[in-house]
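What follows is a single structure, written as C-alpha cells, with notes after it.
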Amino acid sequence: MFAGTGTAIVTPFDRNGAIDEEALRRLVRFQEENGVNVLVPCGSTGESATLSHEEHIHVLEIVIDEAQKAKVLAGAGSNCTSEAVALSKKAADLGADGLLSISPYYVKPTQEGLYLHYKTIAESVDCPLVVYNIPSRSGCNVSVDTLMRLAEVPGIVGVKEASGNMAQIQAILARRPKGFDVLSGDDSITLPLISLGADGVVSVASNCCPGLVSDMVGNARGGNFDVAMHIHDTLLPLFTALFCESNPIPIKYVMGRMGFGAGAPRLPLTPLSEAGKAVLDPVLKDLGI
C-alpha cells in the first residue's frame with residue numbers, strides 16, 4: 001500500500017518556534033511535484049516528541065488537507081497503548097491513508113507486549129497500520145517472529161525497518177506474507193534492500209532532494225539498477241552527512257536554508273553545530289542544494 005518513495009517530512013517552525021503552516025504546505029507541494037508517493041508527517045524527523053497533542057493533530061490536518069496525489073502515512077505512535085489508540089483514531093478520522101506506529105519507547109516491553117500493543121491498535125481503528133521498528137530510539141527490537149505474528153493481524157500491512165540489521169531485514173523479506181510492505185528506514189541501505197525485494201523507503205534525504213530519491217527508488221523497483229546505483233552513489237555522501245548529528249538536526253538546517261521554516265529544531269534538540277555545518281555544507285555545495 002505504501003510502496004515507492006515516502007518522505008518523513010520535517011515540521012517547519014517559524015523564528016518564534018511555532019508551526020509554520022505556510023512552509024509546511026509548500027513542503028507538501030514540493031514533495032508531490034517531485035514524485036514522492038507517500039508523505040509521513042509527525043515521525044521522528046517531524047519532531048513528534050516535542051509537539052503537543054494539539055500541534056501533532058494540527059500538522060496532520062495540514063498535510064492531509066494539502067496532499068493531492070501522495071498518500072499520507074500519519075505518525076500516530078506512543079509508548080502508552082491507550083494513547084496510541086486515541087491518536088490513531090484521530091488520525092484516521094482526519095482522513096489519513098495509514099498510520100505509522102513506533103514501537104513503545106523507554107518502557108522496553110517483552111515481545112508479547114509488543115505483539116499485544118500493535119494488535120490492540122489495529123483492532124481499535126479502521127485504518128492500515130505500519131509497524132515502525134527503530135531500536136536505536138525505542139530501546140527494544142521487534143523480532144522477526146513477532147513481526148510475522150503481527151503480519152497475520154488484519155489491518156497491519158507493513159513495517160518501516162530501521163534496525164540496521166541486514167540479516168533481520170532479509171529474514172523478514174523471506175518470510176513475509178504476500179502484500180506485507182517492507183520499507184527501508186535508512187536512506188543508505190534503501191537500494192540494497194530494494195534489490196532484495198523491499199518495497200520502498202521512508203526517507204529523510206528526500207525532504208531536500210525528493211526528485212533524486214524518487215528516481216533512485218523508481219529505477220530500482222523497475223529493475224534499472226545501473227541508473228539507481230549511479231543516483232545512490234551520488235547521494236551517499238548526503239545520506240551519511242545528514243546523520244552527522246542527531247536526526248532531524250541536520251535536515252532541519254538544510255530545509256531552513258531552502259526556505260522551509262527557520263531551520264531550528266525544538267529543545268532538547270539544538271541547531272546544527274559549526275562542526276556539523278563543516279561536514280554538511282560541502283556535500284550540499286557538491287549537490288547544488
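We label chains A, B, ... in the order they appear in the C-alpha cells, count residues from 1 in each chain, and number ligands from 1 in the order shown.
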For range 210-270 of chain A versus range 10-29 of chain A, which residues have an atom no more than 10 Å away, and what is each residue's nearest atom pair and distance in Å rounded to one decimal, using only C-alpha atoms, chain-then-number order, as a Markdown table?
| residue | atom | partner | partner_atom | distance |
| --- | --- | --- | --- | --- |
| A:Pro248 | CA | A:Val10 | CA | 7.6 |
| A:Ile251 | CA | A:Val10 | CA | 7.9 |
| A:Lys252 | CA | A:Val10 | CA | 6.9 |
| A:Met255 | CA | A:Val10 | CA | 8.2 |
| A:Gly256 | CA | A:Pro12 | CA | 8.2 |
| A:Gly259 | CA | A:Ala23 | CA | 7.7 |
| A:Phe260 | CA | A:Ala23 | CA | 5.1 |
| A:Gly261 | CA | A:Pro12 | CA | 4.5 |
| A:Ala262 | CA | A:Asp14 | CA | 5.2 |
| A:Gly263 | CA | A:Pro12 | CA | 7.2 |
| A:Ala264 | CA | A:Phe13 | CA | 7.2 |
| A:Pro265 | CA | A:Phe13 | CA | 7.6 |
| A:Arg266 | CA | A:Gly17 | CA | 7.3 |
Could you take the residues named above and write them with all heavy atoms, as a PDB file, in the first residue's frame?
ATOM      1  N   PRO A 248      16.444  15.081  13.781  1.00  0.00           N
ATOM      2  CA  PRO A 248      16.492  15.785  12.490  1.00  0.00           C
ATOM      3  C   PRO A 248      17.316  17.069  12.500  1.00  0.00           C
ATOM      4  O   PRO A 248      17.043  17.970  11.697  1.00  0.00           O
ATOM      5  CB  PRO A 248      15.018  16.118  12.279  1.00  0.00           C
ATOM      6  CG  PRO A 248      14.523  16.450  13.650  1.00  0.00           C
ATOM      7  CD  PRO A 248      15.263  15.502  14.574  1.00  0.00           C
ATOM      8  N   ILE A 251      18.896  17.795   8.876  1.00  0.00           N
ATOM      9  CA  ILE A 251      17.921  18.040   7.806  1.00  0.00           C
ATOM     10  C   ILE A 251      17.123  19.309   8.079  1.00  0.00           C
ATOM     11  O   ILE A 251      16.729  20.019   7.149  1.00  0.00           O
ATOM     12  CB  ILE A 251      17.000  16.816   7.584  1.00  0.00           C
ATOM     13  CG1 ILE A 251      16.183  16.987   6.292  1.00  0.00           C
ATOM     14  CG2 ILE A 251      16.093  16.572   8.770  1.00  0.00           C
ATOM     15  CD1 ILE A 251      16.977  17.094   5.023  1.00  0.00           C
ATOM     16  N   LYS A 252      16.891  19.659   9.351  1.00  0.00           N
ATOM     17  CA  LYS A 252      16.220  20.926   9.640  1.00  0.00           C
ATOM     18  C   LYS A 252      17.094  22.107   9.180  1.00  0.00           C
ATOM     19  O   LYS A 252      16.587  23.112   8.663  1.00  0.00           O
ATOM     20  CB  LYS A 252      15.905  21.058  11.135  1.00  0.00           C
ATOM     21  CG  LYS A 252      14.785  20.183  11.666  1.00  0.00           C
ATOM     22  CD  LYS A 252      13.431  20.473  11.030  1.00  0.00           C
ATOM     23  CE  LYS A 252      12.806  21.782  11.420  1.00  0.00           C
ATOM     24  NZ  LYS A 252      12.108  21.810  12.716  1.00  0.00           N
ATOM     25  N   MET A 255      16.736  22.258   5.365  1.00  0.00           N
ATOM     26  CA  MET A 255      15.432  22.758   4.937  1.00  0.00           C
ATOM     27  C   MET A 255      15.274  24.234   5.269  1.00  0.00           C
ATOM     28  O   MET A 255      14.612  24.979   4.537  1.00  0.00           O
ATOM     29  CB  MET A 255      14.318  21.926   5.571  1.00  0.00           C
ATOM     30  CG  MET A 255      14.367  20.442   5.209  1.00  0.00           C
ATOM     31  SD  MET A 255      14.565  20.110   3.442  1.00  0.00           S
ATOM     32  CE  MET A 255      12.944  20.593   2.832  1.00  0.00           C
ATOM     33  N   GLY A 256      15.899  24.697   6.346  1.00  0.00           N
ATOM     34  CA  GLY A 256      15.891  26.120   6.640  1.00  0.00           C
ATOM     35  C   GLY A 256      16.625  26.913   5.571  1.00  0.00           C
ATOM     36  O   GLY A 256      16.172  27.984   5.146  1.00  0.00           O
ATOM     37  N   GLY A 259      14.430  27.465   2.687  1.00  0.00           N
ATOM     38  CA  GLY A 259      13.272  28.320   2.873  1.00  0.00           C
ATOM     39  C   GLY A 259      12.057  27.646   3.472  1.00  0.00           C
ATOM     40  O   GLY A 259      10.969  28.222   3.486  1.00  0.00           O
ATOM     41  N   PHE A 260      12.248  26.440   3.985  1.00  0.00           N
ATOM     42  CA  PHE A 260      11.139  25.731   4.622  1.00  0.00           C
ATOM     43  C   PHE A 260      11.269  25.845   6.142  1.00  0.00           C
ATOM     44  O   PHE A 260      11.778  24.967   6.813  1.00  0.00           O
ATOM     45  CB  PHE A 260      11.110  24.259   4.184  1.00  0.00           C
ATOM     46  CG  PHE A 260      10.819  24.078   2.724  1.00  0.00           C
ATOM     47  CD1 PHE A 260      11.844  23.832   1.820  1.00  0.00           C
ATOM     48  CD2 PHE A 260       9.521  24.160   2.248  1.00  0.00           C
ATOM     49  CE1 PHE A 260      11.575  23.663   0.472  1.00  0.00           C
ATOM     50  CE2 PHE A 260       9.240  23.993   0.889  1.00  0.00           C
ATOM     51  CZ  PHE A 260      10.274  23.752   0.002  1.00  0.00           C
ATOM     52  N   GLY A 261      10.800  26.965   6.677  1.00  0.00           N
ATOM     53  CA  GLY A 261      10.921  27.220   8.105  1.00  0.00           C
ATOM     54  C   GLY A 261      12.249  27.863   8.450  1.00  0.00           C
ATOM     55  O   GLY A 261      13.108  28.105   7.594  1.00  0.00           O
ATOM     56  N   ALA A 262      12.426  28.142   9.736  1.00  0.00           N
ATOM     57  CA  ALA A 262      13.629  28.831  10.198  1.00  0.00           C
ATOM     58  C   ALA A 262      14.833  27.896  10.318  1.00  0.00           C
ATOM     59  O   ALA A 262      15.968  28.352  10.443  1.00  0.00           O
ATOM     60  CB  ALA A 262      13.359  29.500  11.541  1.00  0.00           C
ATOM     61  N   GLY A 263      14.579  26.594  10.303  1.00  0.00           N
ATOM     62  CA  GLY A 263      15.680  25.644  10.329  1.00  0.00           C
ATOM     63  C   GLY A 263      16.121  25.169  11.693  1.00  0.00           C
ATOM     64  O   GLY A 263      17.001  24.327  11.795  1.00  0.00           O
ATOM     65  N   ALA A 264      15.513  25.691  12.739  1.00  0.00           N
ATOM     66  CA  ALA A 264      15.912  25.294  14.092  1.00  0.00           C
ATOM     67  C   ALA A 264      14.928  24.274  14.648  1.00  0.00           C
ATOM     68  O   ALA A 264      13.716  24.452  14.544  1.00  0.00           O
ATOM     69  CB  ALA A 264      15.960  26.510  15.009  1.00  0.00           C
ATOM     70  N   PRO A 265      15.428  23.199  15.242  1.00  0.00           N
ATOM     71  CA  PRO A 265      14.545  22.257  15.937  1.00  0.00           C
ATOM     72  C   PRO A 265      14.215  22.762  17.330  1.00  0.00           C
ATOM     73  O   PRO A 265      14.732  23.789  17.774  1.00  0.00           O
ATOM     74  CB  PRO A 265      15.391  20.983  15.998  1.00  0.00           C
ATOM     75  CG  PRO A 265      16.797  21.495  16.084  1.00  0.00           C
ATOM     76  CD  PRO A 265      16.835  22.780  15.297  1.00  0.00           C
ATOM     77  N   ARG A 266      13.345  22.053  18.013  1.00  0.00           N
ATOM     78  CA  ARG A 266      12.973  22.407  19.389  1.00  0.00           C
ATOM     79  C   ARG A 266      13.873  21.695  20.394  1.00  0.00           C
ATOM     80  O   ARG A 266      14.305  20.570  20.178  1.00  0.00           O
ATOM     81  CB  ARG A 266      11.517  22.008  19.657  1.00  0.00           C
ATOM     82  CG  ARG A 266      10.510  22.957  19.045  1.00  0.00           C
ATOM     83  CD  ARG A 266       9.102  22.555  19.412  1.00  0.00           C
ATOM     84  NE  ARG A 266       8.129  23.534  18.932  1.00  0.00           N
ATOM     85  CZ  ARG A 266       6.825  23.355  18.988  1.00  0.00           C
ATOM     86  NH1 ARG A 266       6.320  22.235  19.508  1.00  0.00           N
ATOM     87  NH2 ARG A 266       5.999  24.286  18.539  1.00  0.00           N
TER      88      ARG A 266
END
- Within 12 Å of range 172-174 of chain A, counting only C-alpha atoms, which residues qualify if same-chain residues fewer than 3 places away don't, as a PyMOL selection string? chain A and resi 142-151+158-161+163+165-169+177-184+193-199
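Atom pair CA of Arg137 in chain A / CA of Ile249 in chain A has a distance of 15.1 Å (rounded to one decimal).
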- Considering only C-alpha atoms, return as a PyMOL selection string whatever protein or nucleic-acid residues lie within 12 Å of Lys277 in chain A, sequence-local ones (same chain, fewer than 6 positions apart) excluded. chain A and resi 241-245+249-254+257+271+283-285
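When only C-alpha atoms are used to measure the gap to Thr7 in chain A, the shortest distance among A:Leu238, A:Leu114, A:Val204, A:Ala86 belongs to A:Val204.
In this model, the gap between CA of Ile231 in chain A and CA of Gly6 in chain A comes to 16.8 Å.
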- Give the strand (DSSP E) residues of range 160-247 of chain A, as DSSP finds them on the backbone, and put them as a PyMOL selection string. chain A and resi 160-161+181-184+200-203
Residues within 8 Å of Lys108 in chain A, please, as a short mmCIF file (atom, residue, chain, number, x, y, z; two decimals) with all heavy atoms, in the first residue's frame. Count only C-alpha atoms; anything in the same chain fewer than 4 positions from it doesn't count.
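Everything below was put into result25.cif:
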data_model
loop_
_atom_site.label_atom_id
_atom_site.label_comp_id
_atom_site.auth_asym_id
_atom_site.auth_seq_id
_atom_site.Cartn_x
_atom_site.Cartn_y
_atom_site.Cartn_z
N PRO A 104 6.89 0.88 21.27
CA PRO A 104 6.90 1.65 22.53
C PRO A 104 8.31 1.88 23.06
O PRO A 104 9.04 0.93 23.33
CB PRO A 104 6.07 0.77 23.47
CG PRO A 104 5.19 -0.03 22.57
CD PRO A 104 6.03 -0.31 21.35
N SER A 138 13.87 3.44 20.33
CA SER A 138 12.84 2.88 21.21
C SER A 138 13.41 2.04 22.35
O SER A 138 12.77 1.86 23.38
CB SER A 138 11.87 2.01 20.39
OG SER A 138 12.53 0.86 19.90
N GLY A 139 14.61 1.51 22.16
CA GLY A 139 15.21 0.67 23.19
C GLY A 139 14.78 -0.77 23.14
O GLY A 139 15.16 -1.57 24.00
N CYS A 140 13.95 -1.14 22.15
CA CYS A 140 13.55 -2.54 22.00
C CYS A 140 13.38 -2.86 20.52
O CYS A 140 13.00 -1.99 19.73
CB CYS A 140 12.27 -2.84 22.77
SG CYS A 140 10.84 -1.89 22.25
#
- Query: Do you know which residues are at most 12 Å from Ala220 in chain A counting only C-alpha atoms, after dropping those on the same chain fewer than 2 positions away, and could you put them as a PyMOL selection string?
  - Reply: chain A and resi 4-5+190-201+213-218+222-232
- Message: For the structure I just gave you, how does DSSP split range 65-268 of chain A - specifically, which residues are alpha helix (DSSP H)? Reply as a ChimeraX atom specification.
- Response: /A:65-66,81-94,111-124,135-138,144-150,166-175,190-195,210-221,225-241,249-257
Tell me which protein, DNA and RNA residues are within 9 Å of Leu129 in chain A, counting only C-alpha atoms, leaving out same-chain ones fewer than 4 positions away, and put them as a PDB file with all heavy atoms, in the first residue's frame.
ATOM      1  N   LEU A  73       0.801   8.759   5.376  1.00  0.00           N
ATOM      2  CA  LEU A  73       1.034   7.752   6.401  1.00  0.00           C
ATOM      3  C   LEU A  73       1.365   8.513   7.681  1.00  0.00           C
ATOM      4  O   LEU A  73       2.488   8.973   7.875  1.00  0.00           O
ATOM      5  CB  LEU A  73       2.188   6.833   5.981  1.00  0.00           C
ATOM      6  CG  LEU A  73       2.556   5.683   6.913  1.00  0.00           C
ATOM      7  CD1 LEU A  73       1.410   4.697   7.064  1.00  0.00           C
ATOM      8  CD2 LEU A  73       3.811   4.967   6.392  1.00  0.00           C
ATOM      9  N   GLY A  98      -3.007   5.869   6.193  1.00  0.00           N
ATOM     10  CA  GLY A  98      -2.421   4.835   7.027  1.00  0.00           C
ATOM     11  C   GLY A  98      -1.778   5.449   8.247  1.00  0.00           C
ATOM     12  O   GLY A  98      -1.676   6.675   8.386  1.00  0.00           O
ATOM     13  N   LEU A  99      -1.336   4.588   9.151  1.00  0.00           N
ATOM     14  CA  LEU A  99      -0.746   5.001  10.416  1.00  0.00           C
ATOM     15  C   LEU A  99       0.646   4.392  10.545  1.00  0.00           C
ATOM     16  O   LEU A  99       0.825   3.195  10.309  1.00  0.00           O
ATOM     17  CB  LEU A  99      -1.613   4.517  11.591  1.00  0.00           C
ATOM     18  CG  LEU A  99      -3.101   4.831  11.521  1.00  0.00           C
ATOM     19  CD1 LEU A  99      -3.852   4.035  12.585  1.00  0.00           C
ATOM     20  CD2 LEU A  99      -3.342   6.323  11.690  1.00  0.00           C
ATOM     21  N   LEU A 100       1.616   5.215  10.903  1.00  0.00           N
ATOM     22  CA  LEU A 100       2.951   4.726  11.223  1.00  0.00           C
ATOM     23  C   LEU A 100       3.088   4.749  12.734  1.00  0.00           C
ATOM     24  O   LEU A 100       3.005   5.814  13.355  1.00  0.00           O
ATOM     25  CB  LEU A 100       4.021   5.601  10.579  1.00  0.00           C
ATOM     26  CG  LEU A 100       5.458   5.139  10.809  1.00  0.00           C
ATOM     27  CD1 LEU A 100       5.726   3.820  10.115  1.00  0.00           C
ATOM     28  CD2 LEU A 100       6.457   6.200  10.344  1.00  0.00           C
ATOM     29  N   SER A 101       3.291   3.576  13.337  1.00  0.00           N
ATOM     30  CA  SER A 101       3.237   3.454  14.790  1.00  0.00           C
ATOM     31  C   SER A 101       4.570   2.935  15.325  1.00  0.00           C
ATOM     32  O   SER A 101       4.944   1.777  15.091  1.00  0.00           O
ATOM     33  CB  SER A 101       2.100   2.502  15.192  1.00  0.00           C
ATOM     34  OG  SER A 101       1.840   2.572  16.564  1.00  0.00           O
ATOM     35  N   TYR A 118       0.515  -3.651  19.350  1.00  0.00           N
ATOM     36  CA  TYR A 118       0.127  -3.402  17.960  1.00  0.00           C
ATOM     37  C   TYR A 118      -1.216  -4.043  17.615  1.00  0.00           C
ATOM     38  O   TYR A 118      -2.029  -3.465  16.880  1.00  0.00           O
ATOM     39  CB  TYR A 118       1.212  -3.912  17.009  1.00  0.00           C
ATOM     40  CG  TYR A 118       2.392  -2.983  16.906  1.00  0.00           C
ATOM     41  CD1 TYR A 118       3.654  -3.354  17.369  1.00  0.00           C
ATOM     42  CD2 TYR A 118       2.249  -1.725  16.335  1.00  0.00           C
ATOM     43  CE1 TYR A 118       4.735  -2.498  17.262  1.00  0.00           C
ATOM     44  CE2 TYR A 118       3.329  -0.865  16.223  1.00  0.00           C
ATOM     45  CZ  TYR A 118       4.563  -1.251  16.684  1.00  0.00           C
ATOM     46  OH  TYR A 118       5.625  -0.394  16.581  1.00  0.00           O
ATOM     47  N   ILE A 121      -4.001  -1.768  18.850  1.00  0.00           N
ATOM     48  CA  ILE A 121      -4.206  -0.597  17.991  1.00  0.00           C
ATOM     49  C   ILE A 121      -4.944  -1.005  16.720  1.00  0.00           C
ATOM     50  O   ILE A 121      -5.932  -0.366  16.318  1.00  0.00           O
ATOM     51  CB  ILE A 121      -2.863   0.064  17.631  1.00  0.00           C
ATOM     52  CG1 ILE A 121      -2.140   0.547  18.884  1.00  0.00           C
ATOM     53  CG2 ILE A 121      -3.093   1.238  16.667  1.00  0.00           C
ATOM     54  CD1 ILE A 121      -0.709   0.994  18.625  1.00  0.00           C
ATOM     55  N   ALA A 122      -4.481  -2.072  16.087  1.00  0.00           N
ATOM     56  CA  ALA A 122      -5.071  -2.499  14.816  1.00  0.00           C
ATOM     57  C   ALA A 122      -6.539  -2.857  14.970  1.00  0.00           C
ATOM     58  O   ALA A 122      -7.353  -2.604  14.061  1.00  0.00           O
ATOM     59  CB  ALA A 122      -4.293  -3.681  14.245  1.00  0.00           C
ATOM     60  N   GLY A 155      -5.308  -5.586   9.195  1.00  0.00           N
ATOM     61  CA  GLY A 155      -5.056  -4.156   9.319  1.00  0.00           C
ATOM     62  C   GLY A 155      -3.597  -3.785   9.449  1.00  0.00           C
ATOM     63  O   GLY A 155      -3.225  -2.629   9.219  1.00  0.00           O
ATOM     64  N   ILE A 156      -2.737  -4.739   9.823  1.00  0.00           N
ATOM     65  CA  ILE A 156      -1.301  -4.457   9.892  1.00  0.00           C
ATOM     66  C   ILE A 156      -0.690  -4.835   8.542  1.00  0.00           C
ATOM     67  O   ILE A 156      -0.679  -6.003   8.159  1.00  0.00           O
ATOM     68  CB  ILE A 156      -0.631  -5.211  11.052  1.00  0.00           C
ATOM     69  CG1 ILE A 156      -1.237  -4.753  12.387  1.00  0.00           C
ATOM     70  CG2 ILE A 156       0.880  -4.972  11.040  1.00  0.00           C
ATOM     71  CD1 ILE A 156      -0.625  -5.385  13.617  1.00  0.00           C
ATOM     72  N   VAL A 157      -0.204  -3.819   7.812  1.00  0.00           N
ATOM     73  CA  VAL A 157       0.094  -4.003   6.391  1.00  0.00           C
ATOM     74  C   VAL A 157       1.568  -3.877   6.038  1.00  0.00           C
ATOM     75  O   VAL A 157       1.927  -4.053   4.870  1.00  0.00           O
ATOM     76  CB  VAL A 157      -0.720  -3.005   5.543  1.00  0.00           C
ATOM     77  CG1 VAL A 157      -2.218  -3.203   5.754  1.00  0.00           C
ATOM     78  CG2 VAL A 157      -0.319  -1.562   5.856  1.00  0.00           C
ATOM     79  N   GLY A 158       2.422  -3.570   7.015  1.00  0.00           N
ATOM     80  CA  GLY A 158       3.826  -3.432   6.662  1.00  0.00           C
ATOM     81  C   GLY A 158       4.683  -3.020   7.831  1.00  0.00           C
ATOM     82  O   GLY A 158       4.216  -2.871   8.961  1.00  0.00           O
ATOM     83  N   VAL A 159       5.967  -2.824   7.522  1.00  0.00           N
ATOM     84  CA  VAL A 159       6.926  -2.406   8.539  1.00  0.00           C
ATOM     85  C   VAL A 159       7.890  -1.404   7.917  1.00  0.00           C
ATOM     86  O   VAL A 159       8.310  -1.544   6.766  1.00  0.00           O
ATOM     87  CB  VAL A 159       7.708  -3.611   9.111  1.00  0.00           C
ATOM     88  CG1 VAL A 159       8.519  -4.332   8.033  1.00  0.00           C
ATOM     89  CG2 VAL A 159       8.618  -3.185  10.264  1.00  0.00           C
TER      90      VAL A 159
END
